[in-house]
>>> print(open('run19.txt').read())   # compact mmCIF, N, CA and C atoms
# COMPACT_ATOMS: atom_id res chain seq x y z
N MET A 1 17.85 35.56 10.64
CA MET A 1 17.65 35.10 12.00
C MET A 1 18.53 33.87 12.22
N PRO A 2 19.35 33.86 13.27
CA PRO A 2 20.21 32.69 13.52
C PRO A 2 19.38 31.48 13.92
N GLU A 3 19.89 30.31 13.51
CA GLU A 3 19.18 29.08 13.87
C GLU A 3 19.29 28.85 15.37
N GLN A 4 18.19 28.41 15.95
CA GLN A 4 18.12 28.21 17.39
C GLN A 4 18.38 26.75 17.71
N LYS A 5 19.30 26.49 18.62
CA LYS A 5 19.64 25.13 19.03
C LYS A 5 18.60 24.67 20.05
N ILE A 6 17.98 23.52 19.83
CA ILE A 6 17.02 22.97 20.78
C ILE A 6 17.62 21.73 21.41
N GLU A 7 17.00 21.30 22.48
CA GLU A 7 17.48 20.06 23.11
C GLU A 7 17.43 18.95 22.07
N ASN A 8 18.49 18.20 21.97
CA ASN A 8 18.57 17.22 20.91
C ASN A 8 17.68 16.01 21.11
N TRP A 9 17.12 15.79 22.32
CA TRP A 9 16.23 14.65 22.48
C TRP A 9 15.05 14.78 21.52
N GLN A 10 14.60 15.99 21.25
CA GLN A 10 13.47 16.17 20.32
C GLN A 10 13.90 15.83 18.90
N GLY A 11 15.07 16.30 18.49
CA GLY A 11 15.57 15.97 17.16
C GLY A 11 15.79 14.47 17.00
N ASP A 12 16.31 13.85 18.05
CA ASP A 12 16.50 12.40 18.02
C ASP A 12 15.17 11.68 17.85
N ARG A 13 14.15 12.17 18.52
CA ARG A 13 12.82 11.54 18.41
C ARG A 13 12.25 11.71 17.01
N LEU A 14 12.45 12.88 16.44
CA LEU A 14 11.96 13.10 15.08
C LEU A 14 12.61 12.09 14.13
N ARG A 15 13.93 11.92 14.25
CA ARG A 15 14.67 10.99 13.40
C ARG A 15 14.24 9.55 13.67
N GLU A 16 14.19 9.15 14.94
CA GLU A 16 13.84 7.78 15.29
C GLU A 16 12.43 7.41 14.82
N ALA A 17 11.49 8.33 14.98
CA ALA A 17 10.12 8.05 14.54
C ALA A 17 10.06 7.84 13.03
N ALA A 18 10.82 8.65 12.30
CA ALA A 18 10.86 8.49 10.84
C ALA A 18 11.49 7.15 10.47
N GLU A 19 12.59 6.81 11.12
CA GLU A 19 13.25 5.54 10.83
C GLU A 19 12.36 4.35 11.15
N LYS A 20 11.65 4.42 12.27
CA LYS A 20 10.75 3.33 12.64
C LYS A 20 9.59 3.21 11.66
N ALA A 21 9.23 4.33 11.05
CA ALA A 21 8.17 4.31 10.04
C ALA A 21 8.73 3.93 8.66
N GLY A 22 10.05 3.73 8.60
CA GLY A 22 10.67 3.34 7.34
C GLY A 22 10.85 4.49 6.36
N LEU A 23 10.98 5.72 6.89
CA LEU A 23 11.07 6.90 6.03
C LEU A 23 12.40 7.61 6.22
N SER A 24 12.98 8.08 5.14
CA SER A 24 14.22 8.84 5.18
C SER A 24 13.89 10.33 5.30
N ALA A 25 14.93 11.13 5.54
CA ALA A 25 14.74 12.58 5.62
C ALA A 25 14.19 13.11 4.30
N SER A 26 14.68 12.58 3.19
CA SER A 26 14.20 13.08 1.89
C SER A 26 12.73 12.68 1.65
N GLU A 27 12.33 11.49 2.12
CA GLU A 27 10.92 11.09 1.97
C GLU A 27 10.01 11.95 2.84
N ILE A 28 10.46 12.23 4.07
CA ILE A 28 9.69 13.12 4.95
C ILE A 28 9.57 14.50 4.30
N ALA A 29 10.70 15.02 3.81
CA ALA A 29 10.71 16.34 3.18
C ALA A 29 9.74 16.40 2.01
N LYS A 30 9.76 15.37 1.17
CA LYS A 30 8.88 15.35 0.00
C LYS A 30 7.41 15.37 0.42
N ARG A 31 7.07 14.56 1.41
CA ARG A 31 5.67 14.51 1.86
C ARG A 31 5.22 15.80 2.52
N MET A 32 6.18 16.49 3.18
CA MET A 32 5.84 17.74 3.85
C MET A 32 6.01 18.96 2.96
N LYS A 33 6.54 18.72 1.74
CA LYS A 33 6.84 19.83 0.83
C LYS A 33 7.85 20.80 1.46
N LYS A 34 8.89 20.20 2.06
CA LYS A 34 9.99 20.94 2.68
C LYS A 34 11.28 20.45 2.05
N SER A 35 12.39 21.09 2.38
CA SER A 35 13.67 20.64 1.85
C SER A 35 14.26 19.56 2.75
N GLN A 36 15.03 18.67 2.14
CA GLN A 36 15.69 17.61 2.91
C GLN A 36 16.68 18.20 3.92
N PRO A 37 17.45 19.25 3.57
CA PRO A 37 18.35 19.84 4.56
C PRO A 37 17.61 20.38 5.79
N LEU A 38 16.40 20.91 5.59
CA LEU A 38 15.63 21.41 6.72
C LEU A 38 15.26 20.27 7.66
N VAL A 39 14.79 19.16 7.10
CA VAL A 39 14.44 17.99 7.92
C VAL A 39 15.68 17.50 8.68
N SER A 40 16.82 17.47 8.00
CA SER A 40 18.06 17.05 8.66
C SER A 40 18.42 17.99 9.80
N ARG A 41 18.19 19.29 9.63
CA ARG A 41 18.47 20.25 10.71
C ARG A 41 17.54 20.01 11.89
N TRP A 42 16.28 19.64 11.62
CA TRP A 42 15.38 19.29 12.72
C TRP A 42 15.95 18.12 13.49
N TRP A 43 16.39 17.09 12.75
CA TRP A 43 16.92 15.88 13.37
C TRP A 43 18.17 16.17 14.19
N LEU A 44 19.01 17.06 13.72
CA LEU A 44 20.25 17.38 14.42
C LEU A 44 20.03 18.35 15.57
N GLY A 45 18.83 18.93 15.64
CA GLY A 45 18.54 19.89 16.69
C GLY A 45 19.06 21.28 16.36
N ASN A 46 19.41 21.52 15.11
CA ASN A 46 19.91 22.83 14.69
C ASN A 46 18.81 23.79 14.30
N ARG A 47 17.61 23.28 14.15
CA ARG A 47 16.48 24.12 13.74
C ARG A 47 15.23 23.65 14.46
N LYS A 48 14.48 24.59 15.00
CA LYS A 48 13.25 24.26 15.70
C LYS A 48 12.13 24.02 14.69
N ILE A 49 11.36 22.98 14.90
CA ILE A 49 10.24 22.67 14.03
C ILE A 49 9.01 23.45 14.52
N SER A 50 8.26 24.03 13.60
CA SER A 50 7.06 24.78 13.98
C SER A 50 5.97 23.82 14.44
N THR A 51 5.00 24.33 15.16
CA THR A 51 3.90 23.51 15.64
C THR A 51 3.12 22.90 14.48
N ASP A 52 2.85 23.70 13.45
CA ASP A 52 2.13 23.18 12.28
C ASP A 52 2.91 22.05 11.61
N ASP A 53 4.21 22.27 11.46
CA ASP A 53 5.04 21.24 10.84
C ASP A 53 5.12 19.99 11.72
N LEU A 54 5.16 20.18 13.02
CA LEU A 54 5.23 19.04 13.93
C LEU A 54 3.96 18.19 13.84
N VAL A 55 2.82 18.83 13.71
CA VAL A 55 1.56 18.10 13.57
C VAL A 55 1.57 17.29 12.27
N LYS A 56 2.03 17.89 11.18
CA LYS A 56 2.13 17.18 9.89
C LYS A 56 3.11 16.02 9.99
N TYR A 57 4.26 16.30 10.61
CA TYR A 57 5.31 15.30 10.76
C TYR A 57 4.78 14.09 11.53
N ALA A 58 4.11 14.37 12.65
CA ALA A 58 3.56 13.29 13.48
C ALA A 58 2.58 12.44 12.70
N ALA A 59 1.74 13.07 11.89
CA ALA A 59 0.77 12.33 11.08
C ALA A 59 1.48 11.45 10.05
N ILE A 60 2.53 11.96 9.45
CA ILE A 60 3.26 11.20 8.43
C ILE A 60 3.92 9.96 9.02
N VAL A 61 4.54 10.12 10.20
CA VAL A 61 5.25 8.99 10.81
C VAL A 61 4.35 8.13 11.70
N GLY A 62 3.10 8.57 11.90
CA GLY A 62 2.14 7.78 12.67
C GLY A 62 2.43 7.74 14.15
N VAL A 63 2.84 8.88 14.70
CA VAL A 63 3.19 8.97 16.12
C VAL A 63 2.40 10.12 16.74
N PRO A 64 1.93 9.97 17.98
CA PRO A 64 1.23 11.09 18.62
C PRO A 64 2.15 12.30 18.78
N VAL A 65 1.62 13.50 18.60
CA VAL A 65 2.41 14.73 18.72
C VAL A 65 3.07 14.83 20.09
N ASP A 66 2.37 14.40 21.13
CA ASP A 66 2.92 14.47 22.49
C ASP A 66 4.26 13.77 22.63
N TYR A 67 4.49 12.76 21.84
CA TYR A 67 5.76 12.04 21.89
C TYR A 67 6.94 12.97 21.61
N PHE A 68 6.72 13.98 20.76
CA PHE A 68 7.78 14.92 20.42
C PHE A 68 7.85 16.11 21.37
N LEU A 69 6.82 16.31 22.18
CA LEU A 69 6.76 17.47 23.05
C LEU A 69 7.21 17.19 24.48
N HIS A 70 7.11 15.96 24.91
CA HIS A 70 7.40 15.63 26.30
C HIS A 70 8.44 14.52 26.36
N LYS A 71 9.55 14.83 26.97
CA LYS A 71 10.68 13.90 27.00
C LYS A 71 10.33 12.57 27.66
N GLU A 72 9.41 12.62 28.64
CA GLU A 72 9.08 11.40 29.38
C GLU A 72 8.12 10.47 28.63
N HIS A 73 7.50 10.95 27.56
CA HIS A 73 6.57 10.11 26.80
C HIS A 73 7.34 9.06 26.01
N ARG A 74 6.79 7.88 25.98
CA ARG A 74 7.40 6.77 25.24
C ARG A 74 6.37 6.18 24.28
N LEU A 75 6.87 5.66 23.20
CA LEU A 75 6.00 4.93 22.27
C LEU A 75 5.86 3.50 22.76
N PRO A 76 4.70 2.91 22.51
CA PRO A 76 4.60 1.48 22.81
C PRO A 76 5.65 0.74 21.99
N GLU A 77 6.21 -0.30 22.53
CA GLU A 77 7.28 -1.05 21.86
C GLU A 77 6.87 -1.53 20.47
N ASN A 78 5.60 -1.84 20.32
CA ASN A 78 5.17 -2.40 19.04
C ASN A 78 4.66 -1.34 18.06
N GLN A 79 4.77 -0.06 18.40
CA GLN A 79 4.26 1.00 17.53
C GLN A 79 4.89 0.95 16.14
N HIS A 80 6.21 0.82 16.08
CA HIS A 80 6.86 0.81 14.77
C HIS A 80 6.52 -0.46 13.99
N ILE A 81 6.31 -1.55 14.69
CA ILE A 81 5.92 -2.80 14.01
C ILE A 81 4.53 -2.63 13.41
N ARG A 82 3.61 -2.03 14.17
CA ARG A 82 2.25 -1.79 13.67
C ARG A 82 2.28 -0.91 12.43
N GLN A 83 3.14 0.12 12.43
CA GLN A 83 3.25 1.01 11.28
C GLN A 83 3.71 0.24 10.05
N LYS A 84 4.72 -0.60 10.22
CA LYS A 84 5.23 -1.38 9.09
C LYS A 84 4.17 -2.35 8.58
N ILE A 85 3.45 -3.00 9.50
CA ILE A 85 2.41 -3.94 9.11
C ILE A 85 1.32 -3.23 8.31
N ASP A 86 0.90 -2.06 8.77
CA ASP A 86 -0.13 -1.30 8.06
C ASP A 86 0.33 -0.94 6.65
N ARG A 87 1.59 -0.52 6.52
CA ARG A 87 2.12 -0.15 5.21
C ARG A 87 2.18 -1.36 4.29
N ILE A 88 2.64 -2.50 4.83
CA ILE A 88 2.74 -3.72 4.02
C ILE A 88 1.36 -4.21 3.61
N GLU A 89 0.38 -4.14 4.54
CA GLU A 89 -0.98 -4.58 4.22
C GLU A 89 -1.58 -3.73 3.10
N ALA A 90 -1.33 -2.43 3.12
CA ALA A 90 -1.85 -1.55 2.07
C ALA A 90 -1.22 -1.90 0.72
N GLU A 91 0.09 -2.16 0.73
CA GLU A 91 0.76 -2.54 -0.51
C GLU A 91 0.25 -3.89 -1.00
N LEU A 92 0.06 -4.83 -0.10
CA LEU A 92 -0.44 -6.15 -0.46
C LEU A 92 -1.84 -6.07 -1.04
N GLN A 93 -2.69 -5.23 -0.47
CA GLN A 93 -4.04 -5.08 -0.98
C GLN A 93 -4.01 -4.56 -2.42
N ALA A 94 -3.13 -3.60 -2.69
CA ALA A 94 -3.03 -3.07 -4.05
C ALA A 94 -2.57 -4.15 -5.02
N VAL A 95 -1.62 -4.97 -4.60
CA VAL A 95 -1.14 -6.06 -5.45
C VAL A 95 -2.24 -7.08 -5.69
N ARG A 96 -2.96 -7.43 -4.63
CA ARG A 96 -4.06 -8.39 -4.76
C ARG A 96 -5.08 -7.92 -5.78
N GLN A 97 -5.45 -6.65 -5.68
CA GLN A 97 -6.45 -6.12 -6.60
C GLN A 97 -5.95 -6.17 -8.03
N ALA A 98 -4.68 -5.88 -8.22
CA ALA A 98 -4.13 -5.90 -9.57
C ALA A 98 -4.04 -7.32 -10.12
N VAL A 99 -3.74 -8.29 -9.27
CA VAL A 99 -3.53 -9.67 -9.71
C VAL A 99 -4.83 -10.47 -9.73
N GLU A 100 -5.67 -10.29 -8.73
CA GLU A 100 -6.86 -11.13 -8.58
C GLU A 100 -7.98 -10.80 -9.56
N ALA A 101 -8.06 -9.60 -10.00
CA ALA A 101 -9.18 -9.21 -10.84
C ALA A 101 -8.74 -9.08 -12.30
N PRO A 102 -9.05 -10.11 -13.10
CA PRO A 102 -8.73 -10.01 -14.52
C PRO A 102 -9.53 -8.88 -15.16
N SER A 103 -9.18 -8.54 -16.35
CA SER A 103 -9.85 -7.47 -17.07
C SER A 103 -11.36 -7.72 -17.10
N GLY A 104 -12.13 -6.69 -16.77
CA GLY A 104 -13.59 -6.81 -16.76
C GLY A 104 -14.14 -7.32 -15.44
N PHE A 105 -13.26 -7.51 -14.46
CA PHE A 105 -13.69 -7.99 -13.14
C PHE A 105 -13.14 -7.08 -12.06
N LYS A 106 -13.71 -7.18 -10.88
CA LYS A 106 -13.21 -6.46 -9.72
C LYS A 106 -13.26 -7.38 -8.51
N THR A 107 -12.46 -7.07 -7.50
CA THR A 107 -12.52 -7.86 -6.27
C THR A 107 -13.34 -7.07 -5.25
N VAL A 108 -14.12 -7.81 -4.49
CA VAL A 108 -14.90 -7.22 -3.40
C VAL A 108 -14.59 -8.00 -2.14
N LYS A 109 -14.82 -7.37 -1.01
CA LYS A 109 -14.46 -7.97 0.26
C LYS A 109 -15.72 -8.34 1.04
N ALA A 110 -15.76 -9.60 1.48
CA ALA A 110 -16.87 -10.06 2.33
C ALA A 110 -16.65 -9.53 3.74
N THR A 111 -17.67 -9.60 4.56
CA THR A 111 -17.60 -9.11 5.94
C THR A 111 -16.47 -9.77 6.72
N ASP A 112 -16.20 -11.05 6.44
CA ASP A 112 -15.15 -11.76 7.17
C ASP A 112 -13.76 -11.53 6.59
N GLY A 113 -13.64 -10.68 5.56
CA GLY A 113 -12.35 -10.37 4.97
C GLY A 113 -12.01 -11.17 3.73
N THR A 114 -12.80 -12.19 3.42
CA THR A 114 -12.57 -12.99 2.22
C THR A 114 -12.80 -12.12 0.99
N ARG A 115 -11.93 -12.26 0.01
CA ARG A 115 -12.06 -11.50 -1.24
C ARG A 115 -12.58 -12.42 -2.33
N ILE A 116 -13.51 -11.88 -3.10
CA ILE A 116 -14.04 -12.64 -4.23
C ILE A 116 -13.99 -11.76 -5.47
N CYS A 117 -13.95 -12.40 -6.61
CA CYS A 117 -13.86 -11.71 -7.89
C CYS A 117 -15.23 -11.76 -8.56
N ILE A 118 -15.72 -10.59 -8.97
CA ILE A 118 -17.04 -10.51 -9.62
C ILE A 118 -16.92 -9.63 -10.87
N PRO A 119 -17.87 -9.72 -11.79
CA PRO A 119 -17.84 -8.84 -12.97
C PRO A 119 -17.82 -7.37 -12.55
N ALA A 120 -17.04 -6.57 -13.25
CA ALA A 120 -16.85 -5.17 -12.88
C ALA A 120 -18.14 -4.37 -12.88
N ASP A 121 -19.07 -4.73 -13.73
CA ASP A 121 -20.32 -3.95 -13.81
C ASP A 121 -21.40 -4.48 -12.85
N SER A 122 -21.04 -5.40 -11.96
CA SER A 122 -22.00 -5.97 -11.01
C SER A 122 -22.32 -4.98 -9.90
N ASP A 123 -23.56 -5.02 -9.48
CA ASP A 123 -23.99 -4.23 -8.33
C ASP A 123 -24.57 -5.22 -7.33
N ILE A 124 -23.70 -5.85 -6.56
CA ILE A 124 -24.09 -6.93 -5.65
C ILE A 124 -24.08 -6.40 -4.22
N ASP A 125 -25.13 -6.72 -3.46
CA ASP A 125 -25.20 -6.26 -2.08
C ASP A 125 -24.27 -7.08 -1.18
N GLN A 126 -24.00 -6.57 0.02
CA GLN A 126 -23.06 -7.20 0.94
C GLN A 126 -23.51 -8.60 1.35
N GLU A 127 -24.79 -8.81 1.51
CA GLU A 127 -25.31 -10.12 1.89
C GLU A 127 -24.97 -11.17 0.83
N THR A 128 -25.13 -10.81 -0.43
CA THR A 128 -24.80 -11.72 -1.53
C THR A 128 -23.29 -11.98 -1.59
N ILE A 129 -22.51 -10.92 -1.39
CA ILE A 129 -21.04 -11.07 -1.36
C ILE A 129 -20.64 -12.05 -0.26
N ASP A 130 -21.25 -11.91 0.92
CA ASP A 130 -20.94 -12.80 2.05
C ASP A 130 -21.33 -14.25 1.72
N ALA A 131 -22.47 -14.43 1.06
CA ALA A 131 -22.91 -15.78 0.69
C ALA A 131 -21.95 -16.39 -0.33
N MET A 132 -21.50 -15.59 -1.29
CA MET A 132 -20.55 -16.08 -2.28
C MET A 132 -19.21 -16.45 -1.62
N ALA A 133 -18.80 -15.67 -0.65
CA ALA A 133 -17.56 -15.96 0.08
C ALA A 133 -17.70 -17.27 0.85
N GLU A 134 -18.85 -17.51 1.41
CA GLU A 134 -19.10 -18.77 2.14
C GLU A 134 -19.01 -19.95 1.19
N LEU A 135 -19.59 -19.82 0.02
CA LEU A 135 -19.48 -20.88 -0.99
C LEU A 135 -18.02 -21.10 -1.39
N GLN A 136 -17.30 -20.02 -1.58
CA GLN A 136 -15.89 -20.11 -1.97
C GLN A 136 -15.08 -20.85 -0.91
N ARG A 137 -15.35 -20.58 0.37
CA ARG A 137 -14.63 -21.27 1.45
C ARG A 137 -14.87 -22.77 1.43
N HIS A 138 -16.02 -23.18 0.91
CA HIS A 138 -16.36 -24.60 0.85
C HIS A 138 -16.02 -25.22 -0.51
N GLY A 139 -15.30 -24.46 -1.33
CA GLY A 139 -14.83 -24.99 -2.60
C GLY A 139 -15.85 -24.99 -3.71
N VAL A 140 -16.94 -24.26 -3.54
CA VAL A 140 -17.98 -24.20 -4.56
C VAL A 140 -17.85 -22.87 -5.28
N SER A 141 -17.77 -22.92 -6.59
CA SER A 141 -17.69 -21.70 -7.38
C SER A 141 -19.09 -21.13 -7.56
N ALA A 142 -19.24 -19.86 -7.27
CA ALA A 142 -20.55 -19.22 -7.42
C ALA A 142 -20.82 -18.80 -8.86
N VAL A 143 -19.78 -18.77 -9.67
CA VAL A 143 -19.92 -18.39 -11.07
C VAL A 143 -19.58 -19.62 -11.92
N ARG A 144 -20.46 -19.95 -12.84
CA ARG A 144 -20.20 -21.09 -13.72
C ARG A 144 -19.75 -20.61 -15.08
N GLU A 145 -18.83 -21.33 -15.65
CA GLU A 145 -18.38 -20.97 -17.00
C GLU A 145 -19.39 -21.53 -18.00
N SER A 146 -19.63 -20.77 -19.06
CA SER A 146 -20.57 -21.26 -20.07
C SER A 146 -19.90 -22.37 -20.89
N LYS A 147 -20.70 -23.35 -21.28
CA LYS A 147 -20.18 -24.45 -22.08
C LYS A 147 -20.22 -24.08 -23.55
N ARG A 148 -19.17 -24.41 -24.24
CA ARG A 148 -19.11 -24.13 -25.68
C ARG A 148 -19.54 -25.37 -26.43
N ALA A 149 -20.29 -25.15 -27.49
CA ALA A 149 -20.80 -26.27 -28.30
C ALA A 149 -19.74 -26.86 -29.17
>>> encode(input="run19.txt", output="structure tokens")
Amino acid sequence: MPEQKIENWQGDRLREAAEKAGLSASEIAKRMKKSQPLVSRWWLGNRKISTDDLVKYAAIVGVPVDYFLHKEHRLPENQHIRQKIDRIEAELQAVRQAVEAPSGFKTVKATDGTRICIPADSDIDQETIDAMAELQRHGVSAVRESKRA
């Protein structure tokens, strides 16, 4: 079956949305379990993207499907910034957990977003976590080190 040429505004949008999300054609292809040349053909308008693939693509780049279906639809100016912030926050959270919690400890999050480090085998309720976070904000350590003789 010959490849069908589509209006290139759709291909341009596919490419722009991926770029704004910080993703290359090969990264999109990997996440969608497709080939990189296929994604490039979508971007160039040389190949029509299926509805199922478009839904997956939109989810990956964090853009509403309608943006790719209707030429008059526009993304909010800050959409790509929000996507980058979300990605950076997720990466930062992973780093914090790896750095903040020494072996045998875990970090937990108080209601206000403050993170505290507690023993890994602790089963502490949210109210206690919030109280510990309040103490931490005031410079009081909720855990005391044992004194050695």
>>> atom_distance(input="run19.txt", atom1="atom C of Lys33 (chain A)", atom2="CA of Val95 (chain A)")
29.2 Å
>>> atom_distance(input="run19.txt", atom1="atom N of Glu19 (chain A)", atom2="atom C of Leu92 (chain A)")
22.8 Å
>>> select_by_dssp(input="run19.txt", residues="region 11-147 of chain A", states="helix (DSSP H, G or I)", output="PyMOL selection string")
chain A and resi 11-20+25-32+36-44+51-61+66-69+79-100+126-137
>>> atom_distance(input="run19.txt", atom1="CA of Leu23 (chain A)", atom2="CA of Arg41 (chain A)")
16.0 Å
>>> residues_around(input="run19.txt", residues="region 51-62 of chain A", least_positions_apart="3", cutoff="8 Å", atoms="all atoms listed in the file", output="PyMOL selection string")
chain A and resi 17-23+28+31-32+48+65-66+68+79+83
>>> closest_residue(input="run19.txt", among="A:Ser103, A:Arg13, A:Ser50, A:Leu38", to="Pro64 (chain A)", atoms="only C-alpha atoms")
A:Arg13
>>> residues_around(input="run19.txt", residues="region 108-114 of chain A", least_positions_apart="3", cutoff="7 Å", atoms="only N, CA and C atoms", output="list in words")
Cys117, Ile118, Gln126, Ile129, Asp130 and Ala133 of chain A
>>> closest_residue(input="run19.txt", among="A:Val39, A:Glu89, A:Lys71, A:Val63", to="Trp9 (chain A)", atoms="all atoms listed in the file")
A:Lys71
>>> closest_residue(input="run19.txt", among="A:Arg137, A:Ala131, A:Ser35, A:Gln10", to="His70 (chain A)", atoms="only C-alpha atoms")
A:Gln10
>>> closest_residue(input="run19.txt", among="A:Ser122, A:Ala90, A:Ser24, A:Ile85", to="Phe105 (chain A)", atoms="all atoms listed in the file")
A:Ser122
